[in-house]
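**Q** Pasting target06.txt below, which is compact mmCIF, C-alpha atoms.
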# COMPACT_ATOMS: atom_id res chain seq x y z
CA MET A 1 -1.44 24.49 36.23
CA ALA A 2 0.25 24.55 32.80
CA VAL A 3 -1.37 26.40 29.92
CA ARG A 4 -1.41 24.61 26.59
CA LYS A 5 0.90 26.20 24.05
CA ASP A 6 -1.93 26.82 21.56
CA MET A 7 -4.10 28.51 24.23
CA ARG A 8 -1.72 31.48 24.58
CA LYS A 9 -2.94 34.78 23.22
CA VAL A 10 -1.44 35.54 19.83
CA THR A 11 0.74 38.62 20.00
CA ASP A 12 0.72 41.38 17.38
CA ALA A 13 4.26 40.36 16.45
CA GLU A 14 3.17 36.74 15.87
CA ARG A 15 0.21 37.89 13.80
CA ALA A 16 2.50 40.09 11.68
CA GLU A 17 4.95 37.20 11.26
CA ILE A 18 2.16 34.85 10.13
CA ILE A 19 1.02 37.41 7.55
CA ARG A 20 4.60 37.99 6.37
CA LEU A 21 5.32 34.26 6.01
CA HIS A 22 2.05 33.77 4.15
CA GLY A 23 3.11 36.56 1.80
CA GLU A 24 6.33 34.64 1.10
CA GLY A 25 4.20 31.72 -0.09
CA LYS A 26 4.79 29.46 2.89
CA GLY A 27 2.16 26.84 3.65
CA ARG A 28 0.10 26.65 6.81
CA ASN A 29 2.03 23.72 8.29
CA GLU A 30 5.39 25.36 7.64
CA ILE A 31 4.26 28.66 9.18
CA ALA A 32 2.98 26.82 12.26
CA ARG A 33 6.32 25.03 12.60
CA LEU A 34 8.32 28.25 12.17
CA ILE A 35 6.40 30.27 14.76
CA GLY A 36 5.74 27.41 17.19
CA ARG A 37 1.97 27.61 17.00
CA ALA A 38 -0.78 25.15 16.14
CA GLN A 39 -1.85 24.82 12.52
CA ARG A 40 -5.39 25.76 13.53
CA THR A 41 -4.10 29.04 15.01
CA VAL A 42 -2.40 29.90 11.72
CA SER A 43 -5.57 29.01 9.78
CA ILE A 44 -7.75 31.21 12.02
CA ILE A 45 -5.45 34.24 11.75
CA CYS A 46 -5.12 33.89 7.99
CA GLY A 47 -8.89 33.52 7.72
CA GLU A 48 -9.42 36.68 9.77
CA GLU A 49 -7.05 38.51 7.42
CA GLY A 50 -8.79 37.14 4.30
CA LEU A 51 -5.70 35.16 3.32
CA VAL A 52 -6.01 31.78 1.62
CA PHE A 53 -3.42 29.09 1.01
CA ASP A 54 -2.59 27.76 -2.45
CA VAL A 55 -3.54 24.09 -2.35
CA THR A 56 -2.09 23.29 -5.78
CA MET A 57 1.17 22.02 -4.31
CA THR A 58 -0.69 19.98 -1.69
CA GLU A 59 -2.92 18.41 -4.33
CA GLU A 60 0.10 17.59 -6.50
CA ALA A 61 1.97 16.11 -3.53
CA THR A 62 -1.08 14.01 -2.68
CA ARG A 63 -1.36 12.75 -6.27
CA HIS A 64 2.34 11.88 -6.20
CA ARG A 65 2.01 9.99 -2.89
CA VAL A 66 -1.01 8.06 -4.18
CA ALA A 67 0.84 7.11 -7.38
CA HIS A 68 3.91 6.10 -5.38
CA LEU A 69 1.79 3.89 -3.11
CA ALA A 70 0.15 2.28 -6.16
CA ASP A 71 3.62 1.47 -7.54
CA ARG A 72 4.66 -0.03 -4.21
CA ARG A 73 1.46 -2.12 -4.05
CA ALA A 74 2.13 -3.38 -7.57
CA MET A 75 5.68 -4.37 -6.62
CA LEU A 76 4.41 -6.14 -3.49
CA ALA A 77 1.72 -7.93 -5.52
CA GLU A 78 4.40 -9.09 -7.95
CA ALA A 79 6.57 -10.36 -5.09
CA LEU A 80 3.59 -12.25 -3.64
CA GLN A 81 2.91 -13.79 -7.03
CA ASP A 82 6.57 -14.88 -7.21
CA ASP A 83 6.24 -16.39 -3.72
CA ALA A 84 3.15 -18.34 -4.80
CA GLU A 85 4.97 -19.69 -7.84
CA ARG A 86 7.96 -20.78 -5.74
CA LEU A 87 5.67 -22.47 -3.23
CA THR A 88 3.74 -24.39 -5.88
CA ALA A 89 7.00 -25.47 -7.54
CA GLN A 90 8.00 -27.09 -4.24
CA LEU A 91 5.00 -29.43 -4.55
CA TRP A 92 6.87 -31.54 -7.10
CA GLU A 93 10.48 -31.14 -5.96
CA PRO A 94 12.48 -33.56 -3.80
CA ALA A 95 12.11 -32.88 -0.09
CA THR A 96 13.57 -33.89 3.24
CA VAL A 97 11.19 -35.37 5.77
CA TYR A 98 12.20 -35.75 9.39
CA ARG A 99 10.99 -37.00 12.72
CA ILE A 100 12.04 -36.34 16.27
CA GLY A 101 10.93 -38.82 18.84
CA GLY A 102 11.16 -42.27 20.25
CA SER A 103 12.38 -43.21 23.68
CA SER A 104 15.75 -41.58 23.06
CA ASN A 105 14.16 -38.48 21.43
CA SER A 106 16.29 -39.03 18.35
CA TYR A 107 16.26 -37.14 15.06
CA THR A 108 15.86 -39.04 11.80
CA GLU A 109 15.50 -37.73 8.27
CA ARG A 110 15.23 -39.07 4.75
CA GLN A 111 14.93 -37.73 1.22
CA VAL A 112 11.69 -38.25 -0.73
CA ASP A 113 10.83 -37.58 -4.39
CA GLU A 114 8.18 -35.04 -3.42
CA PRO A 115 6.69 -33.70 -0.17
CA PRO A 116 4.11 -35.82 1.63
CA ALA A 117 0.42 -34.90 1.34
CA ASP A 118 0.26 -32.87 4.56
CA ALA A 119 3.24 -30.76 3.47
CA LYS A 120 1.66 -30.28 0.02
CA LYS A 121 -1.52 -29.09 1.70
CA ASP A 122 0.46 -26.52 3.70
CA LEU A 123 2.34 -25.37 0.56
CA MET A 124 -0.95 -24.97 -1.35
CA GLY A 125 -2.47 -23.04 1.55
CA ALA A 126 0.48 -20.65 1.69
CA ALA A 127 0.48 -20.25 -2.10
CA GLY A 128 -3.27 -19.60 -2.06
CA ILE A 129 -2.87 -16.87 0.57
CA ALA A 130 -0.06 -15.23 -1.43
CA ILE A 131 -2.19 -15.27 -4.60
CA GLU A 132 -5.25 -13.92 -2.76
CA LYS A 133 -3.26 -11.04 -1.25
CA SER A 134 -1.63 -10.29 -4.59
CA LEU A 135 -5.04 -10.07 -6.26
CA LYS A 136 -6.34 -7.77 -3.53
CA LEU A 137 -3.39 -5.43 -3.99
CA VAL A 138 -3.71 -5.32 -7.78
CA PRO A 139 -7.04 -6.76 -8.96
CA PRO A 140 -7.14 -8.10 -12.51
CA GLU A 141 -8.73 -5.85 -15.07
CA ARG A 142 -12.32 -6.67 -15.93
CA GLU A 143 -12.68 -8.80 -19.00
CA ASP A 144 -14.68 -7.53 -21.94
CA THR A 145 -17.22 -10.35 -21.98
CA GLU A 146 -19.20 -8.78 -24.83
CA GLY A 147 -16.07 -8.56 -26.96
CA LEU A 148 -15.17 -12.16 -26.11
CA ALA A 149 -18.66 -13.32 -27.07
CA ALA A 150 -18.29 -11.59 -30.45
CA VAL A 151 -14.93 -13.27 -31.01
CA ASP A 152 -16.43 -16.66 -30.08
CA GLN A 153 -19.24 -16.11 -32.55
CA TRP A 154 -16.78 -15.09 -35.29
CA LEU A 155 -14.64 -18.20 -34.62
CA ARG A 156 -17.68 -20.48 -34.81
CA GLY A 157 -18.59 -18.93 -38.15
CA MET A 158 -15.03 -19.44 -39.43
CA ILE A 159 -14.88 -23.13 -38.48
CA GLY A 160 -18.40 -23.86 -39.65
CA GLY A 161 -20.07 -24.08 -36.25
CA GLU A 162 -23.44 -22.61 -35.35
Represent the structure of the file as structure tokens.
**A**
Amino acid sequence: MAVRKDMRKVTDAERAEIIRLHGEGKGRNEIARLIGRAQRTVSIICGEEGLVFDVTMTEEATRHRVAHLADRRAMLAEALQDDAERLTAQLWEPATVYRIGGSSNSYTERQVDEPPADAKKDLMGAAGIAIEKSLKLVPPEREDTEGLAAVDQWLRGMIGGE
């Protein structure tokens, strides 16, 4: 029966190496990789020795990853918005309609000024999905309804309304 790698007894040499690598400022994951042990093993030994890991770099890396993902979501939302605009533009552009069928299973096509209603429905559905997904990725900022109400009131006063 095979023994799991992380179930082996930690040797004094491994313990000393973990402490030495920690002293060099290496992180838990890097130490585990270097000595071929589980991250939990490294954490336990460091804990027994009263050693703690500096999480500043991890926190900064996490903040960077989150910001990078937000940028990527914004770019994807913009691309989806572009897709929706291209799809809705097709509603009013010339199109080719075709049919395959008949007894000879023949292909026929013709140009029309704009897509037929069923094609427009499909284009609107696809555009709607693209817009919906774009808004989920980057929701619009909340409007300041109180500020807008004040502006409306000011405008009414300026034009002589109530």
**Q** Using only C-alpha atoms, give me every residue within 10 Å of (4.3, -21.3, -5.4) in file coordinates, as a list in words.
**A**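 Selection result: Leu80, Gln81, Asp82, Asp83, Ala84, Glu85, Arg86, Leu87, Thr88, Ala89, Gln90, Leu91, Leu123, Met124, Gly125, Ala126, Ala127, Gly128, Ala130 and Ile131 of chain A.
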**Q** Restricting the calculation to all atoms listed in the file, which member of A:Ala150, A:Val42, A:Ala67, A:Val55 is positioned closest to A:Ala16?
**A**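 Comparing A:Ala150, A:Val42, A:Ala67, A:Val55 against A:Ala16, the winner is A:Val42.
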**Q** Quick one: residues within 12 Å of A:Glu14, all atoms listed in the file, excluding same-chain residues fewer than 3 positions away - as JSON, numbers by chain?
**A** {"A": [8, 9, 10, 11, 17, 18, 19, 20, 21, 31, 32, 34, 35, 36, 37, 41, 42, 45, 46]}
**Q** Using only C-alpha atoms, pick whichever of A:Glu109, A:Ala79, A:Arg156, A:Gln39 has the shortest atom-to-atom distance to A:Ser134.
**A**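 Answer, going by the shortest atom-to-atom distance: A:Ala79.
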**Q** Quote the spacing between atom CA of A:Ala117 and atom CA of A:Glu93 in Å to one decimal place.
**A**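 These atoms are spaced 13.0 Å apart.
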**Q** So what do you get for atom CA of A:Ala38 versus atom CA of A:Leu51, distance-wise?
**A**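 A separation of 17.0 Å between them.
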**Q** Mind completing stretch 103-125 of chain A with N, CA and C atoms? Output as a compact mmCIF listing (two decimals), keeping the file's coordinate frame, please?
**A**
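The resulting file, result_38.txt, is shown below:
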# COMPACT_ATOMS: atom_id res chain seq x y z
N SER A 103 11.99 -43.23 22.27
CA SER A 103 12.38 -43.21 23.68
C SER A 103 13.65 -42.40 23.91
N SER A 104 14.51 -42.34 22.89
CA SER A 104 15.75 -41.58 23.06
C SER A 104 15.64 -40.16 22.46
N ASN A 105 14.40 -39.80 22.02
CA ASN A 105 14.16 -38.48 21.43
C ASN A 105 15.16 -38.19 20.31
N SER A 106 15.29 -39.14 19.41
CA SER A 106 16.29 -39.03 18.35
C SER A 106 15.72 -38.37 17.09
N TYR A 107 16.61 -37.82 16.31
CA TYR A 107 16.26 -37.14 15.06
C TYR A 107 16.60 -38.07 13.90
N THR A 108 15.62 -38.27 13.02
CA THR A 108 15.86 -39.04 11.80
C THR A 108 15.32 -38.26 10.62
N GLU A 109 15.97 -38.40 9.48
CA GLU A 109 15.50 -37.73 8.27
C GLU A 109 15.75 -38.63 7.08
N ARG A 110 15.00 -38.37 6.01
CA ARG A 110 15.23 -39.07 4.75
C ARG A 110 14.75 -38.20 3.59
N GLN A 111 15.30 -38.46 2.43
CA GLN A 111 14.93 -37.73 1.22
C GLN A 111 13.77 -38.46 0.54
N VAL A 112 12.82 -37.68 0.02
CA VAL A 112 11.69 -38.25 -0.73
C VAL A 112 11.58 -37.52 -2.07
N ASP A 113 10.94 -38.17 -3.05
CA ASP A 113 10.83 -37.58 -4.39
C ASP A 113 10.01 -36.30 -4.40
N GLU A 114 9.00 -36.25 -3.55
CA GLU A 114 8.18 -35.04 -3.42
C GLU A 114 7.61 -35.00 -2.02
N PRO A 115 7.19 -33.82 -1.55
CA PRO A 115 6.69 -33.70 -0.17
C PRO A 115 5.48 -34.59 0.07
N PRO A 116 5.30 -35.04 1.30
CA PRO A 116 4.11 -35.82 1.63
C PRO A 116 2.85 -34.95 1.55
N ALA A 117 1.70 -35.59 1.55
CA ALA A 117 0.42 -34.90 1.34
C ALA A 117 0.19 -33.76 2.31
N ASP A 118 0.51 -33.95 3.59
CA ASP A 118 0.26 -32.87 4.56
C ASP A 118 1.14 -31.65 4.27
N ALA A 119 2.37 -31.87 3.83
CA ALA A 119 3.24 -30.76 3.47
C ALA A 119 2.73 -30.06 2.20
N LYS A 120 2.22 -30.87 1.25
CA LYS A 120 1.66 -30.28 0.02
C LYS A 120 0.45 -29.41 0.35
N LYS A 121 -0.35 -29.88 1.28
CA LYS A 121 -1.52 -29.09 1.70
C LYS A 121 -1.08 -27.75 2.28
N ASP A 122 -0.05 -27.77 3.12
CA ASP A 122 0.46 -26.52 3.70
C ASP A 122 1.04 -25.60 2.62
N LEU A 123 1.78 -26.18 1.66
CA LEU A 123 2.34 -25.37 0.56
C LEU A 123 1.22 -24.73 -0.27
N MET A 124 0.18 -25.51 -0.57
CA MET A 124 -0.95 -24.97 -1.35
C MET A 124 -1.67 -23.87 -0.57
N GLY A 125 -1.82 -24.07 0.73
CA GLY A 125 -2.47 -23.04 1.55
C GLY A 125 -1.68 -21.74 1.54
